[in-house]
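Inspection log for the structure reproduced underneath, given as structure tokens.
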Amino acid sequence: MKVPVSITVNGKQYDKMVEPRMLLVYFLREELALTGTHIGCDTSSCGACTIHLDGKALKSCTMLAVQANGKSVTTIEGMANGENLHPLQEGFHMEHGLQCGFCTPGMIMCAADILKNNPNPTEEEIRHGLEGNFCRCTGYHNIVKSIQYAANKMAS
Amino acid sequence: MTYIGSSVKRVEDKRFITGQGNYTDDIVLPQMTYACMVRSPHAHAEIVSVDIAHAEQMDGVVKIFTGKDTDAAGIGGVPCGWQVDFKNGDTMKEPPHPLLVSDKARHAGDAVAMVIAETYAQAKDAAEMVMVEYNVLPAVTNAKVARADGAPQVHADVPNNLAFDWELGNPREEVDAAIAAAHHVTTLEFINQRVICNAIEPRSAIGHFDTAYDKYTLYTSTQNPHLIRLLLCAFVLGLPEHKVRVVGPDVGGGFGSKIFHYTEEALVIWGSNQIKRPIKWTAERRESFMTDAAGRDHITTAKMAFDKDGNVLALSADTYANMGAYLSTFAPAVPTYLHGTLLQGLYTTPLINVSVDAVFTNTTAVDAYRGAGRPEATYLLERLMDTAALEMGRDPAELRLQNFIAPFDGVEQEGYQTQVALQYDSGNYEPVLKRGLEMVGYEQFRADQKAAEGTGKLLGIGFSTYIEACGIAPSAVVGALGARAGLFESAQVQVHPTGKVSVYSGSHSHGQGHETSFAQVVADKMGIPMEDVEIIHGDSDAVAFGMGTYGSRSLAVGGSAIVKSIEKVLEKGAKIAAHLLEASVDDLDYAEGKWTVRGTDKSVAFGDVSLTAYVPHNYPEGLEPGLDFSSFYDPANFTYPFGCHICIVEIDTETGEVKIKRFIAVDDVGNVINPMIVDGQIHGGLAQGIGQAFCEGAIYDESGQLINGTYMDYVMPRADDLPSFEIDRTVTPCPHNPLGVKGAGEAGCIGSTPAVVNAVMDALKGYGIHDVEMPITSQKVWNIIHGS
């Protein structure tokens with residue numbers, strides 16, 4: 001039996017019928033075709049599915065779509081302002097903070113939360129803030145630099 | 001123009017940072033169905049019966065296939081692509097790897113049935129209702145145990161589970177005699193533990209049979225689309241190759257695990273023709289742990305013998321290599337031609353013998369994982385070196401410097417012939433170690449180490465000076481070593497009438513940034529802006545042929561194929577230019593996108609020549625129209641990157657916690673096209689190599705269950721486990737390819753692991769131990785310090 005949900009995603013309201021067991025990440029990927037949010041594990045360990053729910057970073061595999069009813073979601077597709085990239089998107093590009101790109105959306109969404117709470121983090125604070133997100137390509141070295149780049153850009 | 005050598009930002013980034021990457025699981029086809037595999041929960045069990053009656057009636061179920069169906073269709077299973085025969089000449093044991101097992105499950109995760117439904121949730125629901133009766137058998141997971149008489153037999157017709165045995169180097173008696181007579185012998189018995197590749201994108205495959213064209217399309221998360229097509233067509237399903245398209249779209253990391261042809265790829269293709277609808281299968285992470293080919297898993301005894309002055313006299317190594325339950329695509333090559341052949345290292349060791357037993361166990365197949373054999377060889381040599389230095393009271397850096405092979409450039413001086421079959425192309429080893437010592441501030445470190453004594457913190461430094469082999473080729477040589485494929489690469493350079501260029505490469509990028517670094521090469525060599533070049537890869541309908549990306553081969557082999565095609569384009573272009581300029585080809589120079597008559601200001605631009613090639617009104621007589629060339633490049637030799645990795649650890653004596661304080665890497669990967677991308681490759685490799693040393697490792701229980709088969713249990717490095725890396729490089733060009741490049745993808749992972757372990761051993765040298773098993777957990781270290 002499907003149930004109705006109304007979820008605002010990247011500023012647009014979507015009214016859909018979903019199975020009560022559907023996870024939010026599947027709602028985004030399958031119902032809305034927003035495939036920038038990725039699934040890397042079954043245990044909420046990898047962070048590839050990180051989005052913002054009412055402005056806070058959240059692993060979208062830890063929540064049912066019905067739990068997001070009436071709430072506002074931002075995904076990687078909603079980070080740029082038209083053609084203008086978010087400073088974090090620019091930072092990941094400028095500092096080579098991505099290789100295969102699979103963890104990248106989750107990293108950027110997580111990093112946005114880090115910078116929201118701490119606009120001028122130390123390297124240690126950035127590394128601590130990223131500990132819920134796996135990257136297997138970069139060794140995190142350039143991800144740290146990408147976030148520092150964005151922090152500097154957002155401060156100026 | 002000088003794109004080559006500059007850190008051009010990646011052109012592929014835009015789609016990934018905006019969420020527009022196109023990975024296999026992102027693809028949705030009309031009428032698509034979803035598959036869920038029913039997998040054996042037992043590592044070793046006879047299949048008594050499979051009852052699908054109830055599952056078939058579940059909501060949304062389209063079809064369920066079992067091993068009886070694939071048996072009835074005459075499908076033999078996925079093949080192995082490399083044959084290594086026994087020492088006595090007997091043929092390698094190569095039991096079939098069925099798509100769905102009907103008689104016996106040989107590892108936990110072996111697929112018994114494929115359930116296809118309208119949604120994945122429905123397929124998963126129904127898969128739980130497939131009733132399989134198992135007769136559980138004793139399992140064996142350890143390669144040494146599996147060799148013993150009376151051990152469980154993984155395959156009935158493989159006595160003692162031995163797939164093959166293998167030996168290389170100087171006669172064993174000579175090596176043993178030298179070891180027996182030596183002044184000092186360092187012996188290590190160690191386990192190079194199994195690690196799981198863990199690309200963050202789980203494997204995924206979509207099979208689509210198009211009834212309108214009688215044509216199959218496989219979208220799959222692969223490093224290697226054309227090889228998958230070849231294996232699928234010629235060996236698994238007997239399909240006509242021209243009627244099969246394989247696409248490796250954006251792929252979320254591979255690290256080796258996505259080189260191989262997997263059963264699920266063949267299943268979704270075969271199944272899609274049975275049900276005449278597309279089928280998507282995407283692994284859950286637990287399935288990745290159970291079915292992605294893993295890495296390493298060696299049990300080794302190694303001896304290194306020295307004279308009284310510290311010169312290495314001889315080396316012997318005996319290894320049990322765990323193959324898992326089946327031989328994966330390149331598995332036999334890994335412990336042999338990618339491991340035994342590297343045991344010369346950077347040293348002048350005059351006598352070397354290596355022997356390997358490749359053994360079946362009730363575990364997931366083992367194959368190439370970043371470095372593939374070379375990390376195991378490096379671990380063996382570099383642990384021996386540091387241990388020997390400790391035992392002999394020598395400085396580990398000095399002991400290495402004393403034993404290094406002298407510099408040779410492969411042009412003026414010949415390549416270096418090893419005792420284990422290879423001829424190194426070019427090398428200059430002292431500078432990488434000396435630069436590393438300089439970066440680390442070696443004397444100061446030793447002073448700091450002494451000063452830290454008694455503070456509750458132990459400091460340690462570990463070295464690793466490694467060599468590796470990339471771009472393995474030429475095809476005739478690897479064929480003689482057992483490869484069932486060529487290891488060349490192809491590339492097509494298609495110049496459009498307007499002078500824009502499409503390059504079709506048989507290499508496959510899954511994070512390496514080929515769309516950028518290959519375009520840098522093309523733009524420089526052709527003298528045109530990078531924006532005028534597009535690199536196309538990963539689609540067998542677009543790219544005529546390819547051998548894919550693994551073994552750090554893409555630039556050395558694939559890049560060289562591109563250069564070859566560019567040379568052909570420019571040669572033909574010069575003929576057209578000469579005609580337009582009414583000059584002789586010999587009088588033309590090509591630079592910055594135009595041909596100029598030498599000593600004059602008469603010139604014609606590349607775009608005018610390309611337009612003329614496609615609008616050949618005023619055109620050289622007898623010359624074909626068009627400007628479009630393909631090439632196949634088969635290298636003359638392997639390439640041999642090398643380097644020095646140095647790790648500094650700090651151990652808390654109260655808790656046993658090991659912190660990596662600094663990690664220094666000086667690598668020589670030959671010429672560098674894009675330093676930013678090369679640095680990124682090194683960073684990622686370092687993290688994986690360090691991960692093996694201090695946290696990663698598959699753990700099987702006695703029944704054959706992988707007990708840390710999730711991200712909750714399998715520990716991989718997170719951002720706060722690692723320091724920022726300090727890296728530098730030297731440049732010793734490869735003498736035998738046109739770009740002088742050697743390959744950078746695996747270096748970080750090959751050199752780093754022993755450096756970490758050596759650093760821990762250096763920190764713990766007061767505790768009278770010479771080895772500790774990886775991964776080096778706080779618990780193990782605490783037990784050493786506190787004597788339990």
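Simple scheme: letters A, B, ... for chains in structure tokens order, numbers from 1 for residues in each chain, numbers from 1 for ligands in the order shown.
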
Skip Asp668 of chain B itself and residues of its chain fewer than 2 positions away, then list as a ChimeraX atom specification all residues within 10 Å of it, counting only C-alpha atoms.
/B:427-429,431-432,467,640-644,665-666,670-672,728-733,741-744,747

Dump as a PDB file, in the first residue's frame, selection limited to C-alpha atoms:
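Result written to again_4.pdb:
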ATOM      1  CA  GLY B 427      66.549   3.623 -13.074  1.00  0.00           C
ATOM      2  CA  ASN B 428      68.410   5.955 -10.746  1.00  0.00           C
ATOM      3  CA  TYR B 429      67.635   4.892  -7.234  1.00  0.00           C
ATOM      4  CA  PRO B 431      68.230  10.218  -5.471  1.00  0.00           C
ATOM      5  CA  VAL B 432      64.761   9.117  -4.317  1.00  0.00           C
ATOM      6  CA  ILE B 467      60.254  -0.813  -7.793  1.00  0.00           C
ATOM      7  CA  TYR B 640      59.543   0.417 -14.097  1.00  0.00           C
ATOM      8  CA  PRO B 641      58.551   3.250 -11.760  1.00  0.00           C
ATOM      9  CA  PHE B 642      60.306   3.325  -8.404  1.00  0.00           C
ATOM     10  CA  GLY B 643      60.469   5.422  -5.301  1.00  0.00           C
ATOM     11  CA  CYS B 644      61.084   5.878  -1.620  1.00  0.00           C
ATOM     12  CA  ALA B 665      56.822   9.816  -0.670  1.00  0.00           C
ATOM     13  CA  VAL B 666      59.381  10.484  -3.385  1.00  0.00           C
ATOM     14  CA  GLY B 670      59.035   8.922 -15.529  1.00  0.00           C
ATOM     15  CA  ASN B 671      57.824  12.002 -17.340  1.00  0.00           C
ATOM     16  CA  VAL B 672      54.711  13.651 -15.924  1.00  0.00           C
ATOM     17  CA  ASP B 728      58.038  14.933  -4.273  1.00  0.00           C
ATOM     18  CA  ARG B 729      59.412  13.203  -7.317  1.00  0.00           C
ATOM     19  CA  THR B 730      62.444  12.613  -9.457  1.00  0.00           C
ATOM     20  CA  VAL B 731      62.158  12.073 -13.213  1.00  0.00           C
ATOM     21  CA  THR B 732      63.863   9.192 -14.989  1.00  0.00           C
ATOM     22  CA  PRO B 733      62.119   8.948 -18.373  1.00  0.00           C
ATOM     23  CA  VAL B 741      56.084   7.964 -19.023  1.00  0.00           C
ATOM     24  CA  LYS B 742      56.037   5.012 -16.640  1.00  0.00           C
ATOM     25  CA  GLY B 743      52.696   4.991 -14.804  1.00  0.00           C
ATOM     26  CA  ALA B 744      51.551   6.368 -11.462  1.00  0.00           C
ATOM     27  CA  ALA B 747      52.976   3.397  -6.861  1.00  0.00           C
TER      28      ALA B 747
END

I want to know what sits within 9 Å of Leu764 of chain B, based on only C-alpha atoms, with residues of the same chain fewer than 6 positions away left out; could you give that as an NGL selection string?
:B and (458-460 or 651 or 770 or 781 or 784-785)

Next, dump the selected residues to file, keeping only N, CA and C atoms, as a tab-separated table (two decimals), in the first residue's frame.
chain	number	residue	atom	x	y	z
B	458	LEU	N	56.32	6.74	21.87
B	458	LEU	CA	57.43	6.13	21.14
B	458	LEU	C	57.38	6.63	19.71
B	459	LEU	N	58.51	7.06	19.19
B	459	LEU	CA	58.58	7.47	17.78
B	459	LEU	C	59.29	6.39	16.98
B	460	GLY	N	58.86	6.20	15.76
B	460	GLY	CA	59.52	5.23	14.88
B	460	GLY	C	59.53	5.73	13.45
B	651	ILE	N	53.60	6.22	18.86
B	651	ILE	CA	52.80	5.23	19.58
B	651	ILE	C	52.60	5.71	21.01
B	770	HIS	N	60.47	-8.78	16.26
B	770	HIS	CA	60.92	-8.48	14.91
B	770	HIS	C	59.79	-8.40	13.90
B	781	VAL	N	49.58	-3.68	19.49
B	781	VAL	CA	50.70	-2.87	19.97
B	781	VAL	C	50.70	-2.82	21.50
B	784	ILE	N	52.11	-5.93	22.92
B	784	ILE	CA	53.58	-5.99	22.81
B	784	ILE	C	54.20	-5.17	23.93
B	785	ILE	N	53.70	-3.96	24.11
B	785	ILE	CA	54.30	-3.05	25.09
B	785	ILE	C	54.08	-3.56	26.51

Considering only C-alpha atoms, extract the chain A residues located within 7 Å of chain B and return them as number ranges by chain.
A: 35-36, 40-43, 45, 76-77, 89, 93-94, 99-105, 127-128, 130-131, 134, 136-141

Based on the backbone DSSP call, show me all residues of segment 30-125 of chain A assigned strand (DSSP E or B), as an MDAnalysis selection string.
chainID A and resid 50:53 56:59 64 72:74 81 84

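Picture a line from atom CA of Pro775 of chain B to atom CA of Thr378 of chain B; it runs 16.5 Å.
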
Residue neighbourhood Leu23 of chain A, 7 Å, only C-alpha atoms, exclusion window fewer than 4 positions, as a list in words:
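Here the answer would be Phe27, Cys61, Met63, Leu64 and Ala65 of chain A.
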
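Take atom CA of Leu218 of chain B and atom CA of Lys243 of chain B: the distance between them is 11.1 Å.
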
Contact residues around segment 699-703 of chain B with only C-alpha atoms at 10 Å, ignoring same-chain residues under 4 positions, as a PyMOL selection string
chain B and resi 42-44+108+136-142+193-195+362-363+707-709+713-714

Just write the chosen residues, N, CA and C atoms, as a compact mmCIF listing (two decimals), in the first residue's frame.
# COMPACT_ATOMS: atom_id res chain seq x y z
N HIS B 42 26.36 -20.25 3.12
CA HIS B 42 27.39 -21.18 3.58
C HIS B 42 28.62 -21.10 2.67
N ALA B 43 29.78 -21.30 3.26
CA ALA B 43 31.02 -21.22 2.47
C ALA B 43 31.22 -22.48 1.63
N HIS B 44 30.66 -23.58 2.11
CA HIS B 44 30.88 -24.85 1.40
C HIS B 44 29.67 -25.72 1.69
N ALA B 108 30.83 -18.40 0.60
CA ALA B 108 29.63 -17.67 1.03
C ALA B 108 29.41 -16.53 0.06
N VAL B 136 25.57 -28.78 4.50
CA VAL B 136 26.75 -27.97 4.80
C VAL B 136 27.98 -28.87 4.98
N LEU B 137 29.08 -28.46 4.33
CA LEU B 137 30.34 -29.22 4.38
C LEU B 137 31.38 -28.41 5.15
N PRO B 138 32.39 -29.08 5.68
CA PRO B 138 33.48 -28.33 6.31
C PRO B 138 34.14 -27.41 5.29
N ALA B 139 34.56 -26.24 5.73
CA ALA B 139 35.15 -25.26 4.82
C ALA B 139 36.61 -25.00 5.18
N VAL B 140 37.36 -24.52 4.21
CA VAL B 140 38.74 -24.13 4.47
C VAL B 140 38.98 -22.75 3.86
N THR B 141 39.60 -21.87 4.63
CA THR B 141 39.79 -20.49 4.16
C THR B 141 41.25 -20.09 4.06
N ASN B 142 42.13 -20.86 4.69
CA ASN B 142 43.55 -20.52 4.77
C ASN B 142 44.31 -21.36 3.74
N GLN B 193 47.90 -9.99 4.48
CA GLN B 193 46.49 -10.37 4.65
C GLN B 193 45.60 -9.95 3.49
N ARG B 194 44.49 -10.66 3.40
CA ARG B 194 43.50 -10.33 2.38
C ARG B 194 42.87 -8.96 2.66
N VAL B 195 42.84 -8.13 1.63
CA VAL B 195 42.13 -6.85 1.75
C VAL B 195 41.05 -6.79 0.67
N ASN B 362 37.63 -21.98 0.32
CA ASN B 362 36.20 -21.62 0.30
C ASN B 362 36.02 -20.14 0.62
N THR B 363 36.67 -19.31 -0.18
CA THR B 363 36.57 -17.86 0.01
C THR B 363 36.32 -17.20 -1.34
N ILE B 707 33.50 -12.37 8.56
CA ILE B 707 32.78 -11.80 9.69
C ILE B 707 32.90 -10.28 9.76
N ASN B 708 33.74 -9.69 8.93
CA ASN B 708 33.73 -8.22 8.86
C ASN B 708 33.34 -7.76 7.45
N GLY B 709 32.23 -8.29 6.97
CA GLY B 709 31.79 -8.03 5.61
C GLY B 709 30.84 -6.86 5.45
N ASP B 713 32.12 -3.10 10.03
CA ASP B 713 33.07 -4.03 10.62
C ASP B 713 34.44 -4.01 9.95
N TYR B 714 34.46 -3.74 8.66
CA TYR B 714 35.72 -3.70 7.92
C TYR B 714 36.26 -2.29 8.03

List every residue of segment 52-119 of chain A that DSSP, applied to the backbone of this structure, places in alpha helix (DSSP H), and write the result as a PyMOL selection string.
chain A and resi 87-94+104-117

Write out as a list in words the residues lying within 12 Å of Thr418 of chain B, counting only C-alpha atoms and excluding same-chain residues fewer than 3 positions away.
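Contacts, with the query itself left out: Leu168, Gly169, Asn170, Gly340, Thr341, Leu342, Leu343, Gln344, Gly345, Leu346, Tyr347, Thr348, Thr349, Pro350, Leu351, Ile352, Asn353, Ile405, Gly415, Ala421, Leu422, Gln423, Tyr424 and Asp425 of chain B.
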
Give me the residues within 7 Å of Gly106 of chain A as a list in words, counting only C-alpha atoms and dropping any in the same chain fewer than 3 places off.
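Once the adjacent positions are removed, what remains is Gly47, Ala48, Cys49, Thr50, Ile51, Cys103, Met109 and Cys110 of chain A.
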
Straight-line distance linking atom CA of Gly486 of chain B with atom CA of Asp297 of chain B, stated in Å to one decimal
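Atom CA of Gly486 of chain B sits 27.1 Å away from atom CA of Asp297 of chain B.
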
With a distance cut-off of 10 Å and only C-alpha atoms, select the neighbouring residues of Asp110 of chain B, excluding the residue or stretch itself and same-chain residues fewer than 5 positions from it, and output the selection as a PyMOL selection string.
chain B and resi 37-44+97-101+104-105+263+287+290-291+325+363-364

I need the residues from that last selection saved to file as a compact mmCIF listing (two decimals), in the first residue's frame (with N, CA and C atoms), if you can.
# COMPACT_ATOMS: atom_id res chain seq x y z
N MET B 37 20.09 -11.46 -6.42
CA MET B 37 20.67 -12.80 -6.39
C MET B 37 20.34 -13.49 -5.06
N VAL B 38 20.02 -14.78 -5.17
CA VAL B 38 19.94 -15.62 -3.97
C VAL B 38 21.33 -16.19 -3.77
N ARG B 39 21.95 -15.88 -2.64
CA ARG B 39 23.35 -16.28 -2.46
C ARG B 39 23.48 -17.29 -1.33
N SER B 40 24.40 -18.19 -1.49
CA SER B 40 24.61 -19.19 -0.44
C SER B 40 25.12 -18.50 0.82
N PRO B 41 24.46 -18.79 1.96
CA PRO B 41 24.98 -18.26 3.21
C PRO B 41 26.14 -19.11 3.74
N HIS B 42 26.36 -20.25 3.12
CA HIS B 42 27.39 -21.18 3.58
C HIS B 42 28.62 -21.10 2.67
N ALA B 43 29.78 -21.30 3.26
CA ALA B 43 31.02 -21.22 2.47
C ALA B 43 31.22 -22.48 1.63
N HIS B 44 30.66 -23.58 2.11
CA HIS B 44 30.88 -24.85 1.40
C HIS B 44 29.67 -25.72 1.69
N HIS B 97 33.64 -21.72 -13.25
CA HIS B 97 33.03 -20.78 -12.32
C HIS B 97 31.63 -20.49 -12.85
N PRO B 98 30.62 -21.29 -12.39
CA PRO B 98 29.28 -21.18 -12.97
C PRO B 98 28.63 -19.84 -12.66
N LEU B 99 27.73 -19.42 -13.56
CA LEU B 99 26.99 -18.18 -13.31
C LEU B 99 26.08 -18.36 -12.10
N LEU B 100 25.41 -19.52 -12.06
CA LEU B 100 24.59 -19.90 -10.90
C LEU B 100 24.99 -21.33 -10.57
N VAL B 101 25.30 -21.59 -9.31
CA VAL B 101 25.75 -22.95 -8.97
C VAL B 101 24.55 -23.86 -8.79
N LYS B 104 26.99 -27.26 -5.92
CA LYS B 104 27.68 -26.99 -4.67
C LYS B 104 28.04 -25.51 -4.61
N ALA B 105 27.86 -24.91 -3.44
CA ALA B 105 28.36 -23.55 -3.22
C ALA B 105 29.77 -23.67 -2.66
N THR B 263 30.22 -12.97 -13.03
CA THR B 263 29.06 -13.79 -13.40
C THR B 263 27.80 -12.95 -13.62
N GLU B 287 27.12 -7.61 -0.71
CA GLU B 287 27.44 -8.45 -1.87
C GLU B 287 28.81 -8.10 -2.43
N MET B 290 31.19 -9.95 -0.52
CA MET B 290 31.16 -11.40 -0.77
C MET B 290 31.60 -11.79 -2.16
N THR B 291 31.53 -10.86 -3.13
CA THR B 291 31.75 -11.29 -4.51
C THR B 291 32.79 -10.49 -5.29
N ALA B 325 37.76 -19.44 -4.27
CA ALA B 325 37.06 -20.64 -4.72
C ALA B 325 37.19 -20.90 -6.22
N THR B 363 36.67 -19.31 -0.18
CA THR B 363 36.57 -17.86 0.01
C THR B 363 36.32 -17.20 -1.34
N THR B 364 35.96 -15.94 -1.31
CA THR B 364 35.79 -15.16 -2.54
C THR B 364 37.10 -15.16 -3.33

Report the closest atom pair, with its distance in Å rounded to one decimal, for each residue of segment 401-506 of chain B that has an atom no farther than 10 Å from segment 608-617 of chain B; count only C-alpha atoms, sort by chain and then rising residue number, and write it as JSON lines.
{"residue": "B:Val495", "atom": "CA", "partner": "B:Ser610", "partner_atom": "CA", "distance": 6.8}
{"residue": "B:His496", "atom": "CA", "partner": "B:Ser610", "partner_atom": "CA", "distance": 6.8}
{"residue": "B:Pro497", "atom": "CA", "partner": "B:Leu611", "partner_atom": "CA", "distance": 4.4}
{"residue": "B:Thr498", "atom": "CA", "partner": "B:Leu611", "partner_atom": "CA", "distance": 5.8}
{"residue": "B:Gly499", "atom": "CA", "partner": "B:Ser610", "partner_atom": "CA", "distance": 5.5}
{"residue": "B:Lys500", "atom": "CA", "partner": "B:Ser610", "partner_atom": "CA", "distance": 8.8}

Put those residues in a file: N, CA and C atoms, as a PDB file, in the first residue's frame.
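The result, stored in selection_22.pdb:
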ATOM      1  N   VAL B 495      40.074  13.705 -36.929  1.00  0.00           N
ATOM      2  CA  VAL B 495      40.053  15.161 -37.103  1.00  0.00           C
ATOM      3  C   VAL B 495      38.801  15.509 -37.893  1.00  0.00           C
ATOM      4  N   HIS B 496      38.004  16.392 -37.360  1.00  0.00           N
ATOM      5  CA  HIS B 496      36.790  16.816 -38.050  1.00  0.00           C
ATOM      6  C   HIS B 496      37.136  17.901 -39.075  1.00  0.00           C
ATOM      7  N   PRO B 497      36.262  18.146 -40.062  1.00  0.00           N
ATOM      8  CA  PRO B 497      36.573  19.141 -41.097  1.00  0.00           C
ATOM      9  C   PRO B 497      36.970  20.500 -40.519  1.00  0.00           C
ATOM     10  N   THR B 498      36.377  20.880 -39.394  1.00  0.00           N
ATOM     11  CA  THR B 498      36.673  22.204 -38.817  1.00  0.00           C
ATOM     12  C   THR B 498      37.947  22.218 -37.986  1.00  0.00           C
ATOM     13  N   GLY B 499      38.631  21.083 -37.915  1.00  0.00           N
ATOM     14  CA  GLY B 499      39.878  21.054 -37.163  1.00  0.00           C
ATOM     15  C   GLY B 499      39.716  20.665 -35.706  1.00  0.00           C
ATOM     16  N   LYS B 500      38.490  20.397 -35.301  1.00  0.00           N
ATOM     17  CA  LYS B 500      38.284  19.865 -33.948  1.00  0.00           C
ATOM     18  C   LYS B 500      38.619  18.378 -33.974  1.00  0.00           C
TER      19      LYS B 500
END
